[in-house]
Amino acid sequence: MSLPSLPFRPATLIPPAQDRRLLVSIHDVSPAFTAPVEALAARLRTLLDGPRFAMLVVPNHWGRAPIAGDAAFARRLRGWADEGIEMFLHGWLHRDDSRHDGAAAAFKARHMTAGEGEFLGLSAAEAERRLRDGRDIVEQAIGRPVAGFIAPAWLYGEGAHQALAATGFTLAEDHWRVWRPHTGETVTRGPVITWASRSPARTASSLAVAGVARTARRMVPVVRLAVHPGDMTKTAIVASIARTVRALAEVRQVVRYADLDREMRGEPDRKAA
């Protein structure tokens with residue numbers, strides 16, 4: 001099997017061992033998916049030797065699972081945050097209810113997400129409202145600032161970018177980079193490895209990509225792994241996640257997003273100070 005083409009020249013980007021990093025995150029953390037999120041968190045704790053991953057929290061998934069008023073789930077979120085798990089805001093509804101007039105945006109909305117690219121078509125004003133309201137809900141639950149914002153399906157429209165710049169989030173992430181919204185400065189570039197459970201074809205494709213990532217595990221400085229509650233519905237995906245996490249963690253330092261941001265700034269490790 002030939003390797004897929006990559007948007008960079010691998011030979012120029014193979015970093016020394018001490019510079020390789022791995023970021024891991026659980027998406028769609030919501031009362032709608034408490035059981036699979038718990039299961040994913042337990043597996044990642046074992047695979048990563050501790051709670052060294054992030055959670056992406058949806059304030060009201062599809063308008064059916066509000067965190068506000070759910071005291072039990074809010075306590076669970078705070079417990080995870082107290083363990084040291086980074087908490088990101090991950091949309092407001094995680095549902096795309098916008099009209100997409102441009103061909104490119106319509107294509108992304110139709111083919112890159114199952115109606116969940118919430119922040120792709122929002123106006124700046126509406127995106128800012130959802131960002132501020134969502135952040136308030138999550139921060140009240142966890143008792144501390146969120147680590148940043150990551151849009152559902154990693155899709156951002158112009159309005160979302162404007163709103164992010166106005167709302168003071170520390171970090172944001174899309175398919176190919178992590179950046180600081182208030183300055184536009186890129187923290188790191190690199191791929192996101194994720195799995196798809198919506199159809200047999202998508203599952204097979206995602207398993208193949210994960211296999212390539214394990215084979216080419218030393219090729220880029222920073223690799224991001226993202227898992228979703230739906231991954232727990234397929235045994236093949238669960239097994240692939242375990243193999244991929246183990247393979248990458250063997251040759252990379254597992255870090256938090258804040259650690260990576262600090263490293264890129266050249267700041268000392270506060271834990272070691």
# chains A, B, ... in the order shown; residues from 1 in each chain; ligands from 1
$ residues_around --residues "region 23-27 of chain A" --least-positions-apart "3" --cutoff "6 Å" --atoms "only C-alpha atoms" --output "list in words"
Phe53, Ala54, Met55, Leu56, Arg224, Leu225, Ala226, Val227, His228 and Val255 of chain A
$ select_by_dssp --residues "region 137-199 of chain A" --states "helix (DSSP H, G or I)" --output "list in words"
Ile137, Val138, Glu139, Gln140, Ala141, Ile142, Pro152, Ala153, Trp154, Glu158, Gly159, Ala160, His161, Gln162, Ala163, Leu164, Ala165, Ala166 and Thr167 of chain A
$ closest_residue --among "A:Glu267, A:Asp231, A:Glu86, A:Asp133" --to "Ser206 (chain A)" --atoms "only C-alpha atoms"
A:Asp231
$ atom_distance --atom1 "CA of His161 (chain A)" --atom2 "CA of Arg262 (chain A)"
22.7 Å
$ residues_around --residues "region 117-123 of chain A" --least-positions-apart "4" --cutoff "6 Å" --atoms "only C-alpha atoms" --output "list in words"
His94, Arg95, Asp96, Ser98, Ala127, Pro152, Ala153, Leu155, Tyr156, Gly157, Gly159 and Ala160 of chain A
$ write_last_selection --atoms "all heavy atoms" --output "mmCIF file, in the first residue's frame"
data_model
loop_
_atom_site.group_PDB
_atom_site.id
_atom_site.type_symbol
_atom_site.label_atom_id
_atom_site.label_comp_id
_atom_site.auth_asym_id
_atom_site.auth_seq_id
_atom_site.Cartn_x
_atom_site.Cartn_y
_atom_site.Cartn_z
ATOM 1 N N HIS A 94 -22.910 22.272 19.121
ATOM 2 C CA HIS A 94 -22.259 21.261 18.272
ATOM 3 C C HIS A 94 -23.167 20.881 17.100
ATOM 4 O O HIS A 94 -23.054 19.797 16.521
ATOM 5 C CB HIS A 94 -21.881 20.023 19.086
ATOM 6 C CG HIS A 94 -20.695 19.274 18.533
ATOM 7 N ND1 HIS A 94 -20.746 18.525 17.390
ATOM 8 C CD2 HIS A 94 -19.424 19.159 18.980
ATOM 9 C CE1 HIS A 94 -19.581 17.970 17.152
ATOM 10 N NE2 HIS A 94 -18.745 18.358 18.111
ATOM 11 N N ARG A 95 -24.060 21.791 16.721
ATOM 12 C CA ARG A 95 -24.966 21.555 15.600
ATOM 13 C C ARG A 95 -24.902 22.744 14.659
ATOM 14 O O ARG A 95 -24.958 23.897 15.097
ATOM 15 C CB ARG A 95 -26.401 21.382 16.115
ATOM 16 C CG ARG A 95 -27.427 21.104 15.012
ATOM 17 C CD ARG A 95 -28.831 21.056 15.599
ATOM 18 N NE ARG A 95 -29.258 22.364 16.127
ATOM 19 C CZ ARG A 95 -30.123 22.531 17.123
ATOM 20 N NH1 ARG A 95 -30.636 21.485 17.731
ATOM 21 N NH2 ARG A 95 -30.458 23.742 17.518
ATOM 22 N N ASP A 96 -24.790 22.467 13.389
ATOM 23 C CA ASP A 96 -24.727 23.522 12.379
ATOM 24 C C ASP A 96 -26.142 23.870 11.945
ATOM 25 O O ASP A 96 -26.804 23.095 11.253
ATOM 26 C CB ASP A 96 -23.902 23.032 11.188
ATOM 27 C CG ASP A 96 -23.771 24.084 10.099
ATOM 28 O OD1 ASP A 96 -24.197 25.235 10.323
ATOM 29 O OD2 ASP A 96 -23.224 23.752 9.025
ATOM 30 N N SER A 98 -26.700 26.946 10.416
ATOM 31 C CA SER A 98 -26.506 28.109 9.559
ATOM 32 C C SER A 98 -26.806 27.784 8.095
ATOM 33 O O SER A 98 -26.745 26.626 7.671
ATOM 34 C CB SER A 98 -25.048 28.601 9.639
ATOM 35 O OG SER A 98 -24.693 28.925 10.956
ATOM 36 N N ALA A 127 -21.416 34.269 16.814
ATOM 37 C CA ALA A 127 -20.293 33.447 17.295
ATOM 38 C C ALA A 127 -19.788 33.968 18.633
ATOM 39 O O ALA A 127 -19.515 33.182 19.552
ATOM 40 C CB ALA A 127 -19.172 33.443 16.263
ATOM 41 N N PRO A 152 -16.403 22.722 16.809
ATOM 42 C CA PRO A 152 -16.866 21.418 16.348
ATOM 43 C C PRO A 152 -16.411 21.149 14.914
ATOM 44 O O PRO A 152 -16.486 22.032 14.047
ATOM 45 C CB PRO A 152 -18.391 21.551 16.432
ATOM 46 C CG PRO A 152 -18.613 22.541 17.537
ATOM 47 C CD PRO A 152 -17.498 23.536 17.375
ATOM 48 N N ALA A 153 -15.917 19.938 14.686
ATOM 49 C CA ALA A 153 -15.401 19.506 13.380
ATOM 50 C C ALA A 153 -14.198 20.332 12.931
ATOM 51 O O ALA A 153 -13.798 20.246 11.781
ATOM 52 C CB ALA A 153 -16.495 19.546 12.308
ATOM 53 N N LEU A 155 -14.000 23.379 12.252
ATOM 54 C CA LEU A 155 -14.373 24.260 11.158
ATOM 55 C C LEU A 155 -14.715 25.655 11.684
ATOM 56 O O LEU A 155 -15.531 25.796 12.595
ATOM 57 C CB LEU A 155 -15.571 23.693 10.390
ATOM 58 C CG LEU A 155 -15.306 22.390 9.623
ATOM 59 C CD1 LEU A 155 -16.593 21.868 9.004
ATOM 60 C CD2 LEU A 155 -14.243 22.594 8.547
ATOM 61 N N TYR A 156 -14.110 26.679 11.073
ATOM 62 C CA TYR A 156 -14.280 28.075 11.473
ATOM 63 C C TYR A 156 -14.609 28.905 10.238
ATOM 64 O O TYR A 156 -13.945 28.800 9.209
ATOM 65 C CB TYR A 156 -12.988 28.640 12.070
ATOM 66 C CG TYR A 156 -12.453 27.922 13.279
ATOM 67 C CD1 TYR A 156 -11.770 26.717 13.143
ATOM 68 C CD2 TYR A 156 -12.606 28.454 14.555
ATOM 69 C CE1 TYR A 156 -11.261 26.045 14.255
ATOM 70 C CE2 TYR A 156 -12.093 27.794 15.662
ATOM 71 C CZ TYR A 156 -11.430 26.594 15.510
ATOM 72 O OH TYR A 156 -10.921 25.940 16.610
ATOM 73 N N GLY A 157 -15.618 29.747 10.360
ATOM 74 C CA GLY A 157 -15.869 30.747 9.349
ATOM 75 C C GLY A 157 -15.220 32.068 9.726
ATOM 76 O O GLY A 157 -14.619 32.206 10.798
ATOM 77 N N GLY A 159 -16.650 34.800 10.624
ATOM 78 C CA GLY A 159 -17.261 35.326 11.841
ATOM 79 C C GLY A 159 -16.684 34.694 13.090
ATOM 80 O O GLY A 159 -16.460 35.376 14.104
ATOM 81 N N ALA A 160 -16.412 33.394 13.034
ATOM 82 C CA ALA A 160 -15.828 32.713 14.188
ATOM 83 C C ALA A 160 -14.424 33.237 14.479
ATOM 84 O O ALA A 160 -14.057 33.446 15.643
ATOM 85 C CB ALA A 160 -15.789 31.209 13.941
#
$ closest_residue --among "A:Ala242, A:Ala258, A:Leu164, A:Ala141" --to "Ala42 (chain A)" --atoms "only C-alpha atoms"
A:Ala242
$ closest_residue --among "A:Val209, A:Tyr257, A:Asp49, A:Ile241" --to "Val146 (chain A)" --atoms "only C-alpha atoms"
A:Tyr257
$ select_by_dssp --residues "region 22-171 of chain A" --states "strand (DSSP E)" --output "PyMOL selection string"
chain A and resi 22-29+54-57+60-61+65-66+86-89+148-150
$ atom_distance --atom1 "CA of Leu260 (chain A)" --atom2 "CA of Gly134 (chain A)"
24.5 Å
$ closest_residue --among "A:Pro51, A:Pro15, A:Gly230, A:Pro59" --to "Arg256 (chain A)" --atoms "only C-alpha atoms"
A:Pro51
$ residues_around --residues "region 200-202 of chain A" --least-positions-apart "3" --cutoff "12 Å" --atoms "only C-alpha atoms" --output "ChimeraX atom specification"
/A:111-113,194-197,205-209,231,234,236-237
